[in-house]
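Remarks on the structure that follows.
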Amino acid sequence: MAQAFLSRLITGLRHVEKYEDPQLQKKARDCMPLSDMLRRADKRASESTASSADCFVIELLAWFKKEFFRWCNQPNCSTCGGKTEASGHGVPTPEERRHEAGRVELYRCCACGAETRFPRYNDPGKLLETRVGRCGEWANCFTLCCRAAGLEARHVVDWTDHVWTEVFSQSQQRWLHCDPCENVCDKPLLYEAGWKKKLSYVMAYSKDEVVDVTWRYSAKHQDIQTRRTECPEDWLAHTLYSLNLQVGYVFKPSVEEVSLGMLCICYDAVRDAYYRSMVSDLHTDSTPTLEGWKNGVFTSSRVFRKEELDWNKVYLSREEGSLQGCVSWKIDLSGTGVVAECVLIKAEHKCFSSGKVEWTVATDDAKSLSVPLGGPNAIDISELNGAESCLITASLSGGEGDTAWQHAQLFRSSSNEPLVCSLEIIVSLKQKE
Ligand SMILES: [Zn+2]
């Protein structure tokens, strides 16, 4: 059962990748009266406290419902235009399949007896042409229109058979519920309170991640809990977490570093920059090799850099409201003719209350071992002797109350200090045998 759940999540993530196609976005923009909608949004904004961008969402919903898309319970006869009756399901033709019609509904004309096909297209580009369907087609095509108009948008799938869109409001810094079929914005309890739906899982898919957004669509969280029986909750949390990991930067030694037999990496949390030399060789005007913590990480999930301006502190912590955050750095020596001889790592962290930071190091064979990093001294990770790659990961969790996310911090430093290398990795290299 969990396997079916996982494949549903993966399908959902694959689907939203389509919205990022520049040509498809252009095709959508060509259908949209953008300048009219922008003008109306500006006017609406001038008469209210809402931002122009939020008002644009209202205009987009109204245009989509009133002018662009059409609802269809059952089609009229394609031969004579008469009324039809459902007559079962057909097999998609190659052309229908090309536009991702997984199912084709068949209807027989009450007047002339001809058969009419209703292919349920999933290809949002095809929907820009057909402009017809039920909530699936509506939300699919509307989410594309939002992305084409430059809005941050996600495709929301409710396991009890409804689909809608969410748009991120920059002015309010939150996701707005948008139901194109209903021409409704920001009424998240519509389904549970209005339609008496018994919700179980509601997932929001964007180009960056899949998020379990069930709880914001319900005021009856305990009832929902009893209906979430498709997979264990910890399995779901872990699966979402893994699906959202993003793969990134890898540190590889330069020719010079290989001939020196040494690779040194420092991260300065105050300057938010990486350097490629020993801390002892660094001075305040050293040039960083990479700027921005995120540009040097291999993966990160739900982690951000916090600057406490009033306390003059900087650190990495997990995002507010998230249960777990994770960040990792990768060193790859493959193809250089050398392997690690001795790996020294210093990585500081600070925990408050029940906050927790766990450090692991994974070697070539992906075996992950727990390492007691976190203090001010470098630790020799002898298991990495002979390794061709290593992955250093910090997992942040725990803490109490609303500020739990703040109770596990990486590289906490005073922002007025000259040079603070709270992460230092020194790899001495030897010839590969
Ligand atoms: Zn007919």
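Ligands are numbered from 1 in the order shown, chains are lettered A, B, ... in the order of the structure tokens, and residues start at 1 in each chain.
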Practice task
Could you report the residues within 7 Å of ligand 1, using only C-alpha atoms and all ligand atoms, as JSON, numbers by chain?
Solution key: {"A": [77, 78, 79, 80, 81, 82, 109, 110, 111, 112, 113, 114]}
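Of the residues under consideration (A:Arg276, A:Arg29, A:Arg318, A:Arg131), A:Arg29 shows the shortest atom-to-atom contact distance to Ala149 of chain A when counting only C-alpha atoms.
You can rank A:Glu256, A:Glu230, A:Asp123, A:Glu85 by their closest distance to Leu6 of chain A using only C-alpha atoms, and at the top of that list sits A:Glu230.
Minimum atom-to-atom distances from A:Phe69, A:Cys135, A:Asn416, A:Ser389 to Leu309 of chain A were compared using only C-alpha atoms, and the lowest value belongs to A:Asn416.
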Problem - Spatial neighbours of Ala28 of chain A, max dist 8 Å, only C-alpha atoms, sep filter under 3 positions, as a list of chain:residue names - result: A:Leu24, A:Gln25, A:Cys31, A:Met32, A:Gly125, A:Leu128, A:Leu144, A:Cys145, A:Ala148
Practice task
Compile the contact shell of Ile265 of chain A as an MDAnalysis selection string: residues with an atom at most 12 Å away, counting only C-alpha atoms, same-chain residues fewer than 3 positions apart removed.
Solution key: chainID A and resid 250:253 257 262 268 273:282 288:290 296 329:331 343:347 421:428
Practice task
Select from segment 173-381 of chain A everything DSSP, run on the backbone, classes as strand (DSSP E), then give the selection as a ChimeraX atom specification.
Solution key: /A:174-179,184-185,202-205,210-212,262-268,273-275,290-291,299-301,303-308,313-318,324-332,338-347,349-351,356-362,368-370,379-380
Handout entry: Contacts of segment 362-377 of chain A within 9 Å, only C-alpha atoms, excl. fewer than 3 positions in-chain, as an MDAnalysis selection string
Key = chainID A and resid 345:350 357:359 381 383:384 387:393 410:411 422
Expected file: the selected residues, C-alpha atoms, as an mmCIF file, in the first residue's frame:
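Wrote out.cif, looks like this:
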data_model
loop_
_atom_site.group_PDB
_atom_site.id
_atom_site.type_symbol
_atom_site.label_atom_id
_atom_site.label_comp_id
_atom_site.auth_asym_id
_atom_site.auth_seq_id
_atom_site.Cartn_x
_atom_site.Cartn_y
_atom_site.Cartn_z
ATOM 1 C CA ILE A 345 36.593 17.457 10.509
ATOM 2 C CA LYS A 346 35.597 20.243 12.824
ATOM 3 C CA ALA A 347 31.896 21.139 12.760
ATOM 4 C CA GLU A 348 30.402 23.136 15.570
ATOM 5 C CA HIS A 349 26.813 23.109 16.676
ATOM 6 C CA LYS A 350 24.836 24.398 19.601
ATOM 7 C CA VAL A 357 22.019 17.760 15.908
ATOM 8 C CA GLU A 358 23.230 14.389 14.656
ATOM 9 C CA TRP A 359 26.302 14.089 12.446
ATOM 10 C CA ILE A 381 37.544 10.073 11.077
ATOM 11 C CA GLU A 383 37.032 5.092 8.779
ATOM 12 C CA LEU A 384 37.612 7.436 5.833
ATOM 13 C CA ALA A 387 37.957 6.527 0.792
ATOM 14 C CA GLU A 388 37.324 8.049 -2.618
ATOM 15 C CA SER A 389 34.344 10.082 -1.519
ATOM 16 C CA CYS A 390 32.606 11.132 1.618
ATOM 17 C CA LEU A 391 29.320 12.697 2.560
ATOM 18 C CA ILE A 392 29.050 14.641 5.814
ATOM 19 C CA THR A 393 25.501 15.163 7.004
ATOM 20 C CA LEU A 410 24.805 24.832 13.223
ATOM 21 C CA PHE A 411 27.834 27.133 13.249
ATOM 22 C CA SER A 422 32.839 26.709 12.253
#
Handout entry: Residue nearest Tyr267 of chain A among A:Phe304, A:Arg8, A:Val420, A:Met37 (counting only C-alpha atoms)
Key =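 Closest residue, counting only C-alpha atoms: A:Val420.
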Handout entry: Long-range neighbours of Glu105 of chain A as a ChimeraX atom specification, 12 Å cut-off, only C-alpha atoms, 5 positions minimum in chain
Key = /A:72-75,84-92,96,115-121,133
Write out, as an mmCIF file, in the first residue's frame, the residues just selected, with N, CA and C atoms.
data_model
loop_
_atom_site.group_PDB
_atom_site.id
_atom_site.type_symbol
_atom_site.label_atom_id
_atom_site.label_comp_id
_atom_site.auth_asym_id
_atom_site.auth_seq_id
_atom_site.Cartn_x
_atom_site.Cartn_y
_atom_site.Cartn_z
ATOM 1 N N CYS A 72 -17.603 20.264 -17.955
ATOM 2 C CA CYS A 72 -18.315 19.284 -18.757
ATOM 3 C C CYS A 72 -18.609 18.038 -17.935
ATOM 4 N N ASN A 73 -19.879 17.819 -17.617
ATOM 5 C CA ASN A 73 -20.267 16.565 -16.977
ATOM 6 C C ASN A 73 -20.353 15.483 -18.039
ATOM 7 N N GLN A 74 -21.112 15.758 -19.105
ATOM 8 C CA GLN A 74 -21.118 14.854 -20.259
ATOM 9 C C GLN A 74 -21.226 15.683 -21.522
ATOM 10 N N PRO A 75 -20.461 15.302 -22.530
ATOM 11 C CA PRO A 75 -20.412 16.133 -23.741
ATOM 12 C C PRO A 75 -21.692 16.014 -24.559
ATOM 13 N N THR A 84 -26.519 13.335 -24.783
ATOM 14 C CA THR A 84 -25.917 11.994 -24.809
ATOM 15 C C THR A 84 -26.125 11.286 -23.476
ATOM 16 N N GLU A 85 -25.846 9.994 -23.491
ATOM 17 C CA GLU A 85 -25.843 9.185 -22.263
ATOM 18 C C GLU A 85 -24.519 8.464 -22.161
ATOM 19 N N ALA A 86 -24.038 8.287 -20.940
ATOM 20 C CA ALA A 86 -22.768 7.575 -20.755
ATOM 21 C C ALA A 86 -22.920 6.146 -21.257
ATOM 22 N N SER A 87 -21.915 5.652 -22.003
ATOM 23 C CA SER A 87 -22.001 4.274 -22.495
ATOM 24 C C SER A 87 -20.723 3.489 -22.216
ATOM 25 N N GLY A 88 -19.959 3.916 -21.234
ATOM 26 C CA GLY A 88 -18.785 3.124 -20.837
ATOM 27 C C GLY A 88 -17.462 3.815 -21.139
ATOM 28 N N HIS A 89 -16.422 2.987 -21.154
ATOM 29 C CA HIS A 89 -15.080 3.527 -21.344
ATOM 30 C C HIS A 89 -14.436 2.949 -22.586
ATOM 31 N N GLY A 90 -13.616 3.749 -23.241
ATOM 32 C CA GLY A 90 -12.924 3.292 -24.436
ATOM 33 C C GLY A 90 -11.428 3.260 -24.226
ATOM 34 N N VAL A 91 -10.750 2.704 -25.214
ATOM 35 C CA VAL A 91 -9.289 2.643 -25.171
ATOM 36 C C VAL A 91 -8.757 3.908 -25.853
ATOM 37 N N PRO A 92 -7.806 4.617 -25.226
ATOM 38 C CA PRO A 92 -7.284 5.837 -25.849
ATOM 39 C C PRO A 92 -6.596 5.527 -27.174
ATOM 40 N N GLU A 96 -4.705 10.379 -28.675
ATOM 41 C CA GLU A 96 -5.186 10.735 -27.329
ATOM 42 C C GLU A 96 -4.117 10.433 -26.283
ATOM 43 N N GLU A 115 -21.540 7.884 -31.425
ATOM 44 C CA GLU A 115 -20.741 7.822 -30.203
ATOM 45 C C GLU A 115 -19.828 9.046 -30.113
ATOM 46 N N THR A 116 -19.746 9.638 -28.916
ATOM 47 C CA THR A 116 -18.856 10.776 -28.684
ATOM 48 C C THR A 116 -17.827 10.397 -27.634
ATOM 49 N N ARG A 117 -16.587 10.728 -27.912
ATOM 50 C CA ARG A 117 -15.496 10.395 -26.976
ATOM 51 C C ARG A 117 -15.197 11.602 -26.094
ATOM 52 N N PHE A 118 -14.878 11.323 -24.844
ATOM 53 C CA PHE A 118 -14.436 12.387 -23.928
ATOM 54 C C PHE A 118 -13.108 11.937 -23.314
ATOM 55 N N PRO A 119 -12.003 12.188 -24.034
ATOM 56 C CA PRO A 119 -10.692 11.802 -23.493
ATOM 57 C C PRO A 119 -10.324 12.724 -22.334
ATOM 58 N N ARG A 120 -9.895 12.115 -21.225
ATOM 59 C CA ARG A 120 -9.531 12.933 -20.057
ATOM 60 C C ARG A 120 -8.041 13.266 -20.144
ATOM 61 N N TYR A 121 -7.741 14.355 -20.839
ATOM 62 C CA TYR A 121 -6.342 14.730 -21.081
ATOM 63 C C TYR A 121 -5.640 15.202 -19.810
ATOM 64 N N GLY A 133 -13.372 20.332 -19.269
ATOM 65 C CA GLY A 133 -13.132 19.189 -18.403
ATOM 66 C C GLY A 133 -13.792 19.349 -17.057
#
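Each of A:Ser415, A:Thr239, A:Asn140, A:Asn244 was checked against Ala153 of chain A using only C-alpha atoms; the smallest atom-to-atom distance is that of A:Asn140.
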Practice task
Would you list, as a ChimeraX atom specification, the residues of segment 77-306 of chain A that end up in helix (DSSP H, G or I) under DSSP run on this structure's backbone?
Solution key: /A:94-98,124-130,135-148,190-194,214-217,221-227,233-243,255-260,279-281,293-296
Problem - Residue nearest Arg412 of chain A among A:Gly321, A:Val270, A:Leu429, A:Ser301 (counting only C-alpha atoms) - result: A:Val270
